[in-house]
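S.K.: My structure file work_34.tsv, TSV, C-alpha atoms and all ligand atoms, is below:
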chain	number	residue	atom	x	y	z
A	1	MET	CA	59.28	156.77	251.96
A	2	PHE	CA	62.16	159.22	252.36
A	3	GLN	CA	62.21	158.84	256.11
A	4	THR	CA	64.01	155.54	255.63
A	5	LEU	CA	66.93	157.28	253.92
A	6	ASP	CA	70.19	157.99	255.68
A	7	VAL	CA	71.86	161.25	254.70
A	8	PRO	CA	75.16	160.36	252.99
A	9	PRO	CA	78.30	162.20	254.13
A	10	GLU	CA	78.99	165.38	252.20
A	11	ASP	CA	81.50	165.18	249.35
A	12	PRO	CA	84.67	166.70	250.92
A	13	ILE	CA	85.38	168.74	247.77
A	14	LEU	CA	81.93	170.38	247.95
A	15	GLY	CA	82.56	171.21	251.61
A	16	LEU	CA	85.87	172.77	250.61
A	17	ILE	CA	84.19	174.89	247.91
A	18	ALA	CA	81.67	176.20	250.44
A	19	ALA	CA	84.37	176.90	253.05
A	20	PHE	CA	86.43	178.82	250.49
A	21	ARG	CA	83.44	180.83	249.33
A	22	ASN	CA	82.58	181.83	252.92
A	23	ASP	CA	86.15	182.82	253.84
A	24	PRO	CA	86.28	186.66	253.83
A	25	ALA	CA	90.12	186.79	253.61
A	26	PRO	CA	90.97	188.84	250.49
A	27	ASP	CA	94.10	186.84	249.61
A	28	LYS	CA	92.70	183.31	250.09
A	29	VAL	CA	94.12	180.67	247.74
A	30	ASP	CA	91.96	177.90	246.24
A	31	LEU	CA	94.01	174.84	245.31
A	32	GLY	CA	91.07	172.50	245.84
A	33	VAL	CA	88.60	172.19	243.00
A	34	GLY	CA	89.77	170.31	239.91
A	35	VAL	CA	89.08	172.87	237.20
A	36	TYR	CA	91.63	174.81	235.17
A	37	ARG	CA	92.08	178.41	236.24
A	38	ASP	CA	93.78	181.15	234.24
A	39	GLU	CA	96.07	183.87	235.62
A	40	ARG	CA	93.01	185.83	236.80
A	41	GLY	CA	91.74	182.78	238.67
A	42	ALA	CA	88.89	182.34	236.17
A	43	THR	CA	87.66	179.22	234.39
A	44	ALA	CA	86.77	181.09	231.21
A	45	VAL	CA	84.98	179.88	228.07
A	46	LEU	CA	87.63	179.31	225.38
A	47	GLU	CA	87.56	181.80	222.48
A	48	THR	CA	87.45	178.89	220.03
A	49	VAL	CA	84.47	177.40	221.84
A	50	LYS	CA	82.64	180.76	221.61
A	51	ALA	CA	83.34	180.97	217.87
A	52	ALA	CA	82.19	177.39	217.22
A	53	GLU	CA	79.13	177.89	219.39
A	54	GLN	CA	78.13	180.98	217.41
A	55	ARG	CA	78.51	179.04	214.20
A	56	LEU	CA	76.43	176.23	215.64
A	57	VAL	CA	73.59	178.57	216.58
A	58	THR	CA	73.49	179.93	213.02
A	59	GLU	CA	73.82	176.60	211.23
A	60	GLN	CA	71.74	174.23	213.32
A	61	ASP	CA	68.32	173.63	211.77
A	62	SER	CA	66.94	170.92	214.03
A	63	LYS	CA	67.19	169.72	217.58
A	64	THR	CA	65.57	166.38	216.93
A	65	TYR	CA	66.95	163.27	218.65
A	66	LEU	CA	70.27	161.86	217.48
A	67	GLY	CA	70.22	158.46	219.21
A	68	PRO	CA	71.98	156.71	222.09
A	69	THR	CA	75.43	156.81	220.47
A	70	GLY	CA	75.20	160.60	220.11
A	71	ASN	CA	76.77	162.86	217.53
A	72	GLU	CA	78.55	160.77	214.88
A	73	ARG	CA	80.64	163.68	213.60
A	74	PHE	CA	81.92	164.15	217.14
A	75	ASN	CA	82.55	160.42	217.57
A	76	GLU	CA	84.68	160.26	214.45
A	77	ALA	CA	86.62	163.42	215.28
A	78	ILE	CA	87.32	162.36	218.86
A	79	ALA	CA	88.51	158.87	217.87
A	80	THR	CA	90.97	160.55	215.49
A	81	MET	CA	92.11	163.00	218.16
A	82	VAL	CA	92.74	160.21	220.66
A	83	LEU	CA	94.19	157.50	218.41
A	84	GLY	CA	95.67	159.64	215.60
A	85	ALA	CA	94.32	159.46	212.02
A	86	LYS	CA	96.59	156.64	210.92
A	87	HIS	CA	96.15	154.22	213.82
A	88	ALA	CA	96.19	150.54	212.80
A	89	ALA	CA	93.07	149.75	214.86
A	90	LEU	CA	91.12	152.43	212.94
A	91	ARG	CA	92.43	151.09	209.65
A	92	ASP	CA	91.37	147.57	210.65
A	93	SER	CA	87.92	148.85	211.59
A	94	ARG	CA	88.25	147.55	215.16
A	95	VAL	CA	87.29	150.85	216.81
A	96	ARG	CA	83.82	152.05	217.82
A	97	THR	CA	83.08	155.32	219.59
A	98	ILE	CA	80.00	156.27	221.54
A	99	GLN	CA	79.43	159.77	222.84
A	100	ALA	CA	78.76	159.96	226.57
A	101	PRO	CA	77.84	162.61	229.15
A	102	GLY	CA	81.39	163.60	230.08
A	103	GLY	CA	84.27	161.34	231.04
A	104	CYS	CA	82.13	160.22	233.98
A	105	GLY	CA	79.38	159.01	231.65
A	106	ALA	CA	82.00	157.18	229.58
A	107	LEU	CA	83.46	155.48	232.68
A	108	ARG	CA	80.00	154.46	233.82
A	109	ILE	CA	78.83	152.94	230.50
A	110	GLY	CA	82.24	151.28	230.17
A	111	ALA	CA	81.76	149.73	233.60
A	112	GLU	CA	78.30	148.52	232.59
A	113	LEU	CA	79.75	146.95	229.45
A	114	ILE	CA	82.40	145.14	231.49
A	115	LYS	CA	79.71	143.90	233.85
A	116	ARG	CA	77.68	142.54	230.93
A	117	ALA	CA	80.65	140.85	229.29
A	118	ASN	CA	82.77	139.76	232.20
A	119	ALA	CA	80.78	139.76	235.39
A	120	THR	CA	83.18	138.09	237.77
A	121	THR	CA	86.65	139.63	237.63
A	122	PRO	CA	87.49	142.72	239.69
A	123	ILE	CA	88.74	145.96	238.18
A	124	MET	CA	92.15	147.11	239.41
A	125	VAL	CA	92.64	150.83	240.07
A	126	SER	CA	95.79	152.70	241.04
A	127	ASP	CA	96.48	153.52	244.68
A	128	PRO	CA	95.53	156.33	244.94
A	129	THR	CA	93.07	157.07	242.18
A	130	TRP	CA	90.51	159.77	241.43
A	131	ALA	CA	87.90	159.46	244.19
A	132	ASN	CA	84.97	159.37	241.76
A	133	HIS	CA	86.26	156.19	240.11
A	134	VAL	CA	84.91	154.31	243.10
A	135	PRO	CA	81.20	155.20	242.76
A	136	LEU	CA	81.31	155.28	238.95
A	137	LEU	CA	82.69	151.77	238.61
A	138	SER	CA	81.19	150.12	241.65
A	139	SER	CA	77.67	151.34	240.96
A	140	ALA	CA	77.76	149.18	237.84
A	141	GLY	CA	78.44	146.25	240.18
A	142	LEU	CA	82.18	145.96	239.60
A	143	GLN	CA	84.43	145.07	242.47
A	144	LEU	CA	87.39	147.46	242.82
A	145	GLU	CA	90.83	146.44	243.99
A	146	ARG	CA	93.98	148.54	244.15
A	147	TYR	CA	97.44	148.13	242.69
A	148	PRO	CA	100.42	150.02	244.18
A	149	TYR	CA	101.18	153.12	242.12
A	150	TYR	CA	102.47	156.14	243.99
A	151	ASP	CA	105.21	156.73	246.51
A	152	ARG	CA	104.07	159.68	248.60
A	153	ALA	CA	107.47	160.59	250.03
A	154	SER	CA	109.27	160.84	246.67
A	155	GLY	CA	106.23	161.88	244.58
A	156	THR	CA	107.01	159.28	241.93
A	157	VAL	CA	105.50	156.10	240.45
A	158	GLN	CA	106.44	152.88	242.29
A	159	PHE	CA	106.82	151.15	238.99
A	160	ASP	CA	108.37	147.88	240.14
A	161	ARG	CA	105.71	147.34	242.79
A	162	MET	CA	103.00	148.19	240.27
A	163	MET	CA	104.40	145.69	237.78
A	164	SER	CA	104.74	142.86	240.27
A	165	ALA	CA	101.12	143.40	241.41
A	166	LEU	CA	99.88	143.30	237.81
A	167	GLU	CA	101.99	140.23	237.07
A	168	SER	CA	100.07	138.16	239.58
A	169	LEU	CA	96.59	138.91	238.21
A	170	PRO	CA	94.51	136.24	236.51
A	171	ALA	CA	93.87	136.59	232.77
A	172	GLY	CA	90.83	138.68	231.89
A	173	THR	CA	91.28	141.09	234.83
A	174	MET	CA	90.50	144.71	233.95
A	175	VAL	CA	93.14	147.33	234.76
A	176	LEU	CA	92.22	151.00	234.94
A	177	LEU	CA	95.10	153.26	233.86
A	178	HIS	CA	95.21	157.05	233.79
A	179	GLY	CA	96.16	157.97	230.20
A	180	ALA	CA	98.02	161.13	231.23
A	181	CYS	CA	98.10	163.68	234.05
A	182	HIS	CA	97.30	161.22	236.84
A	183	ASN	CA	94.62	162.49	239.20
A	184	PRO	CA	95.36	163.06	242.11
A	185	THR	CA	99.17	162.68	241.97
A	186	GLY	CA	100.42	164.10	238.64
A	187	ALA	CA	102.86	161.15	238.52
A	188	ASP	CA	102.68	159.62	235.02
A	189	LEU	CA	104.23	156.60	233.35
A	190	SER	CA	107.15	157.31	231.01
A	191	THR	CA	107.00	156.04	227.41
A	192	GLN	CA	109.32	153.16	228.35
A	193	GLN	CA	107.08	152.27	231.28
A	194	TRP	CA	103.99	152.32	229.03
A	195	GLU	CA	105.78	149.89	226.75
A	196	ARG	CA	106.51	147.53	229.62
A	197	VAL	CA	102.92	147.79	230.86
A	198	ALA	CA	101.58	147.07	227.35
A	199	ASP	CA	103.84	143.99	227.07
A	200	LEU	CA	102.80	142.73	230.48
A	201	LEU	CA	99.07	143.20	229.82
A	202	SER	CA	99.44	141.46	226.51
A	203	GLN	CA	101.40	138.51	227.95
A	204	ARG	CA	99.03	138.07	230.91
A	205	GLY	CA	95.78	138.60	228.97
A	206	LEU	CA	94.76	141.62	231.07
A	207	VAL	CA	92.35	144.20	229.65
A	208	PRO	CA	93.12	147.92	229.94
A	209	PHE	CA	90.52	150.59	230.62
A	210	VAL	CA	92.23	153.93	230.00
A	211	ASP	CA	90.85	157.10	231.57
A	212	LEU	CA	91.96	159.99	229.36
A	213	ALA	CA	90.59	163.15	230.94
A	214	TYR	CA	93.48	165.57	230.38
A	215	GLN	CA	94.72	165.02	226.83
A	216	GLY	CA	96.81	168.04	225.84
A	217	LEU	CA	97.40	169.33	229.36
A	218	GLY	CA	100.50	167.20	230.05
A	219	ASP	CA	103.08	167.23	227.26
A	220	GLY	CA	100.86	167.73	224.19
A	221	LEU	CA	97.90	166.19	222.36
A	222	ASP	CA	99.87	163.39	220.72
A	223	GLU	CA	102.30	162.88	223.60
A	224	ASP	CA	99.50	162.49	226.15
A	225	ALA	CA	97.78	159.85	224.02
A	226	TYR	CA	100.95	157.73	223.80
A	227	GLY	CA	99.79	155.06	226.27
A	228	ALA	CA	96.25	154.80	224.87
A	229	ARG	CA	97.57	154.52	221.29
A	230	LEU	CA	100.16	151.93	222.22
A	231	LEU	CA	97.64	149.73	224.06
A	232	ALA	CA	95.15	150.00	221.17
A	233	GLU	CA	97.92	148.82	218.86
A	234	LYS	CA	99.29	145.97	220.95
A	235	LEU	CA	96.22	144.54	222.63
A	236	PRO	CA	93.11	142.90	221.23
A	237	GLU	CA	90.66	144.74	223.51
A	238	VAL	CA	90.88	148.20	225.05
A	239	LEU	CA	88.39	150.68	226.51
A	240	ILE	CA	89.19	154.39	226.56
A	241	ALA	CA	87.05	156.89	228.47
A	242	VAL	CA	87.58	160.39	227.04
A	243	SER	CA	86.61	163.70	228.61
A	244	CYS	CA	86.43	167.09	226.85
A	245	SER	CA	85.76	168.91	230.12
A	246	LYS	CA	89.28	170.20	230.72
A	247	ASN	CA	90.94	170.44	227.30
A	248	PHE	CA	87.93	172.18	225.71
A	249	GLY	CA	86.79	173.85	228.95
A	250	LEU	CA	83.30	172.40	228.39
A	251	TYR	CA	82.74	171.08	231.92
A	252	ARG	CA	79.02	171.72	232.38
A	253	GLU	CA	78.12	170.79	228.81
A	254	ARG	CA	79.01	167.17	229.68
A	255	VAL	CA	81.08	166.10	226.68
A	256	GLY	CA	82.92	162.79	226.57
A	257	ALA	CA	83.15	159.52	224.71
A	258	LEU	CA	83.85	155.87	225.23
A	259	ILE	CA	86.15	154.37	222.61
A	260	VAL	CA	86.14	150.59	222.42
A	261	VAL	CA	88.72	148.62	220.51
A	262	GLY	CA	87.64	145.05	219.74
A	263	GLN	CA	89.55	142.03	218.56
A	264	ASN	CA	87.85	142.27	215.17
A	265	ARG	CA	85.05	144.10	213.39
A	266	GLN	CA	82.28	141.79	214.61
A	267	GLN	CA	83.28	141.98	218.26
A	268	ALA	CA	83.68	145.75	218.06
A	269	ASP	CA	80.16	145.96	216.59
A	270	ALA	CA	78.79	143.76	219.37
A	271	ALA	CA	80.41	145.99	222.01
A	272	ALA	CA	79.00	149.14	220.37
A	273	ALA	CA	75.50	147.67	220.09
A	274	ASN	CA	75.57	146.75	223.78
A	275	LEU	CA	76.79	150.24	224.68
A	276	GLY	CA	73.83	151.73	222.79
A	277	LYS	CA	71.47	149.61	224.86
A	278	ILE	CA	73.27	150.51	228.08
A	279	ALA	CA	73.02	154.24	227.32
A	280	ARG	CA	69.33	153.85	226.48
A	281	GLY	CA	68.74	152.29	229.88
A	282	ILE	CA	70.52	155.02	231.84
A	283	TYR	CA	70.10	158.43	230.14
A	284	SER	CA	68.78	157.42	226.71
A	285	MET	CA	70.96	159.86	224.78
A	286	PRO	CA	73.87	162.15	225.59
A	287	PRO	CA	73.44	165.95	225.32
A	288	ASP	CA	74.44	167.24	221.89
A	289	HIS	CA	75.38	170.88	222.35
A	290	GLY	CA	78.95	170.50	223.60
A	291	ALA	CA	79.71	167.58	221.30
A	292	ALA	CA	78.50	169.60	218.30
A	293	ILE	CA	80.89	172.39	219.35
A	294	VAL	CA	83.84	169.98	219.61
A	295	ALA	CA	82.99	168.43	216.23
A	296	ARG	CA	82.97	171.87	214.59
A	297	ILE	CA	86.32	172.75	216.14
A	298	LEU	CA	88.07	169.53	215.18
A	299	GLU	CA	86.66	169.46	211.64
A	300	ASP	CA	87.68	173.03	210.82
A	301	ALA	CA	91.40	173.55	210.26
A	302	LYS	CA	91.29	177.19	211.36
A	303	LEU	CA	89.30	176.56	214.52
A	304	ALA	CA	91.39	173.48	215.33
A	305	THR	CA	94.60	175.52	215.10
A	306	GLN	CA	93.13	178.25	217.28
A	307	TRP	CA	92.01	175.68	219.87
A	308	ARG	CA	95.43	174.01	219.93
A	309	ARG	CA	96.93	177.41	220.62
A	310	GLU	CA	94.59	177.95	223.57
A	311	LEU	CA	95.34	174.47	224.87
A	312	THR	CA	99.09	175.10	224.58
A	313	LYS	CA	98.67	178.30	226.58
A	314	MET	CA	96.92	176.38	229.39
A	315	ARG	CA	99.59	173.67	229.36
A	316	GLU	CA	102.44	176.18	229.39
A	317	ARG	CA	100.88	178.12	232.22
A	318	ILE	CA	100.73	174.93	234.30
A	319	GLY	CA	104.35	174.14	233.38
A	320	GLY	CA	105.48	177.63	234.42
A	321	LEU	CA	103.68	177.35	237.76
A	322	ARG	CA	105.18	173.90	238.39
A	323	LYS	CA	108.63	175.38	237.89
A	324	ALA	CA	107.92	178.40	240.08
A	325	LEU	CA	106.44	176.29	242.91
A	326	SER	CA	109.21	173.71	242.80
A	327	GLU	CA	111.85	176.49	242.97
A	328	ALA	CA	110.04	178.38	245.73
A	329	LEU	CA	109.66	175.24	247.85
A	330	THR	CA	113.32	174.30	247.33
A	331	LEU	CA	114.31	177.73	248.57
A	332	ALA	CA	111.93	177.61	251.52
A	333	CYS	CA	112.85	174.05	252.55
A	334	PRO	CA	116.64	173.61	252.33
A	335	GLY	CA	117.64	169.95	252.02
A	336	ARG	CA	114.30	168.77	250.60
A	337	ASP	CA	113.79	167.77	247.01
A	338	PHE	CA	110.84	169.18	245.07
A	339	SER	CA	111.94	168.20	241.56
A	340	GLN	CA	108.96	165.82	241.40
A	341	ILE	CA	106.60	168.81	241.08
A	342	LEU	CA	108.48	169.78	237.93
A	343	ASN	CA	108.52	166.22	236.59
A	344	GLN	CA	104.82	165.51	237.21
A	345	ARG	CA	102.23	166.41	234.61
A	346	GLY	CA	98.79	167.96	234.42
A	347	MET	CA	96.84	169.98	236.89
A	348	PHE	CA	97.58	168.06	240.07
A	349	SER	CA	100.38	167.35	242.49
A	350	MET	CA	100.25	165.99	245.98
A	351	LEU	CA	102.07	167.64	248.86
A	352	ASP	CA	103.23	165.20	251.50
A	353	LEU	CA	101.26	166.95	254.24
A	354	THR	CA	99.33	165.45	257.13
A	355	PRO	CA	95.59	166.16	257.38
A	356	ALA	CA	96.39	168.32	260.44
A	357	SER	CA	98.77	170.44	258.34
A	358	VAL	CA	96.15	170.76	255.59
A	359	ASP	CA	93.71	171.95	258.25
A	360	ARG	CA	96.12	174.53	259.67
A	361	LEU	CA	96.92	175.86	256.19
A	362	ARG	CA	93.22	176.41	255.65
A	363	LYS	CA	92.50	178.00	259.05
A	364	ASP	CA	95.66	180.07	259.51
A	365	LYS	CA	96.82	180.79	255.97
A	366	HIS	CA	93.56	180.62	253.96
A	367	ILE	CA	95.09	178.08	251.59
A	368	TYR	CA	92.51	175.46	250.56
A	369	MET	CA	93.22	171.88	249.48
A	370	PRO	CA	91.60	168.50	250.22
A	371	GLY	CA	92.82	166.46	253.21
A	372	ASP	CA	95.09	164.24	251.10
A	373	GLY	CA	97.25	167.24	250.12
A	374	ARG	CA	96.27	167.27	246.43
A	375	ILE	CA	96.80	170.69	244.92
A	376	ASN	CA	95.43	172.11	241.69
A	377	ILE	CA	98.54	173.80	240.28
A	378	SER	CA	96.49	176.07	238.01
A	379	GLY	CA	94.76	177.48	241.11
A	380	LEU	CA	98.05	179.21	242.02
A	381	ARG	CA	98.51	182.81	240.97
A	382	GLU	CA	102.10	183.73	240.19
A	383	GLN	CA	102.21	186.41	242.87
A	384	ARG	CA	100.99	183.90	245.50
A	385	VAL	CA	103.54	181.13	244.82
A	386	ASP	CA	106.02	182.36	247.43
A	387	TYR	CA	103.29	182.77	250.05
A	388	VAL	CA	102.09	179.20	249.43
A	389	ALA	CA	105.66	177.82	249.46
A	390	TRP	CA	106.61	179.51	252.75
A	391	SER	CA	103.33	178.52	254.37
A	392	VAL	CA	103.84	174.89	253.33
A	393	ALA	CA	107.47	175.07	254.51
A	394	GLU	CA	106.28	175.93	258.02
A	395	GLU	CA	104.25	172.73	258.01
A	396	PHE	CA	107.35	170.84	256.94
A	397	GLY	CA	108.99	172.17	260.10
A	398	MET	CA	111.03	174.93	258.44
A	399	ASN	CA	111.17	178.31	260.13
A	400	ARG	CA	111.49	181.48	258.21
B	501	LIG	C1	90.63	161.27	236.27
B	501	LIG	C2	89.37	161.83	235.75
B	501	LIG	N1	88.61	161.07	234.96
B	501	LIG	C3	87.46	161.52	234.44
B	501	LIG	C4	87.00	162.78	234.72
B	501	LIG	C5	85.70	163.12	234.07
B	501	LIG	O1	85.24	164.37	234.05
B	501	LIG	P1	83.92	164.80	233.31
B	501	LIG	O2	82.85	163.81	233.60
B	501	LIG	O3	83.63	166.13	233.89
B	501	LIG	O4	84.21	164.86	231.84
B	501	LIG	C6	87.76	163.62	235.55
B	501	LIG	C7	87.30	164.95	235.94
B	501	LIG	O5	87.70	165.57	236.86
B	501	LIG	C8	88.98	163.12	236.08
B	501	LIG	O6	89.75	163.86	236.88
Show me, as structure tokens, the structure contained in the file I just sent.

M.R.:
Amino acid sequence: MFQTLDVPPEDPILGLIAAFRNDPAPDKVDLGVGVYRDERGATAVLETVKAAEQRLVTEQDSKTYLGPTGNERFNEAIATMVLGAKHAALRDSRVRTIQAPGGCGALRIGAELIKRANATTPIMVSDPTWANHVPLLSSAGLQLERYPYYDRASGTVQFDRMMSALESLPAGTMVLLHGACHNPTGADLSTQQWERVADLLSQRGLVPFVDLAYQGLGDGLDEDAYGARLLAEKLPEVLIAVSCSKNFGLYRERVGALIVVGQNRQQADAAAANLGKIARGIYSMPPDHGAAIVARILEDAKLATQWRRELTKMRERIGGLRKALSEALTLACPGRDFSQILNQRGMFSMLDLTPASVDRLRKDKHIYMPGDGRINISGLREQRVDYVAWSVAEEFGMNR
């Protein structure tokens, strides 16, 4: 049977991880993989997660099944974290939350729900978007199309082009939006731009699917949820895929949720019931361990405060590195503007490098990033910022 299978091409990021691991250079720099790294270069377990996990081990008295919608304490806590406790959609009982295996699981069951409800319209994604959106959404049978989003040369959102593309879409079209910390570009919508997008979607009858994978790593927990909250307030139907991988550092525990906002109670219930069936048909039930940890953190004022402090530390570290890199590049490349690195948010930025430059940086300078020039800012160590900036400057044609 297996002899009929073609071997698919290797995921470029996995190839990059292997190449980095095998590089013996002591000062190699990994800007490739999309996980947060601290000043030691480690992706450590958060102290708050350790404390909640210890509590969980002591308190938990059963590991029996919970059901396809997962841990209800987690679902309630995460809906409050994303929408804010006083959101009108929560008050009107239009919100349902189903736990999922990571943000990826949430995107996949969301795509399956769209397919069930609205089989014909395509889903619009930003150009560029996170590479894994393509298999996650298309494997549910959705057809993906792109809307203009990012101007590579200036490192900013091409907002007018984005708006005119959205304006021409037929009613009912799904639009995937990155809630905050756009992956791979770091270029986010401003609050005014979110307002214009919400008005346009509402006028044209378009349905937003928000991917919120970095809440708290941009400007703050509430600030980063601005777009999702606004859409849930102004529009009758919204889907929000949430990930706890980055902001709780729970990557391998696979913690996420899909929040659906329906036009009314009955429609929200129908969406949730369908999602339960969809989950049952794919993985049956999501894993509980990480969700139980998140629920304990968010329900406990002391743990929640401690977690927010840890999250703030991550966010501020990224902000500091953005500033340092933008200044170092400005110094190394006179006449070029790198203010966009400072203005972007979250873990990623994109350097306007050719694939050949990216290759040379890897071979000659031991600096690793994917071919599109996306860099994980948190992968920089402070003492290596100048080295990276001067190496990149050479590729921009600057000589020392
Ligand atoms: C844009 C985006 N969405 C969703 C995810 C989902 O991640 P996970 O499934 O690990 O929670 C990620 C992770 O890298 C991401 O970058």

S.K.: List all protein, DNA and RNA residues that have any atom at most 8 Å from ligand LIG 501 (chain B), counting only C-alpha atoms and all ligand atoms, and write the list as a ChimeraX atom specification.

M.R.: /A:34-35,101-107,129-130,132-133,178,182-184,211-214,241-246,251-252,254-256

S.K.: Which distance in Å separates CA of Glu382 in chain A and CA of Met347 in chain A, to one decimal?

M.R.: 15.1 Å

S.K.: Of the residues A:Glu253, A:Glu195, A:Glu316, A:Glu167, which is the one nearest to Gly218 in chain A, using all atoms listed in the file?

M.R.: A:Glu316

S.K.: How many Å separate CA of Pro148 in chain A from CA of Leu342 in chain A?

M.R.: 22.2 Å

S.K.: Measuring atom to atom with only C-alpha atoms, identify which of A:Ile109, A:Ala131, A:Met163, A:Met314 is nearest to Thr43 in chain A.

M.R.: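 Counting only C-alpha atoms, the residue closest to Thr43 in chain A is A:Met314.
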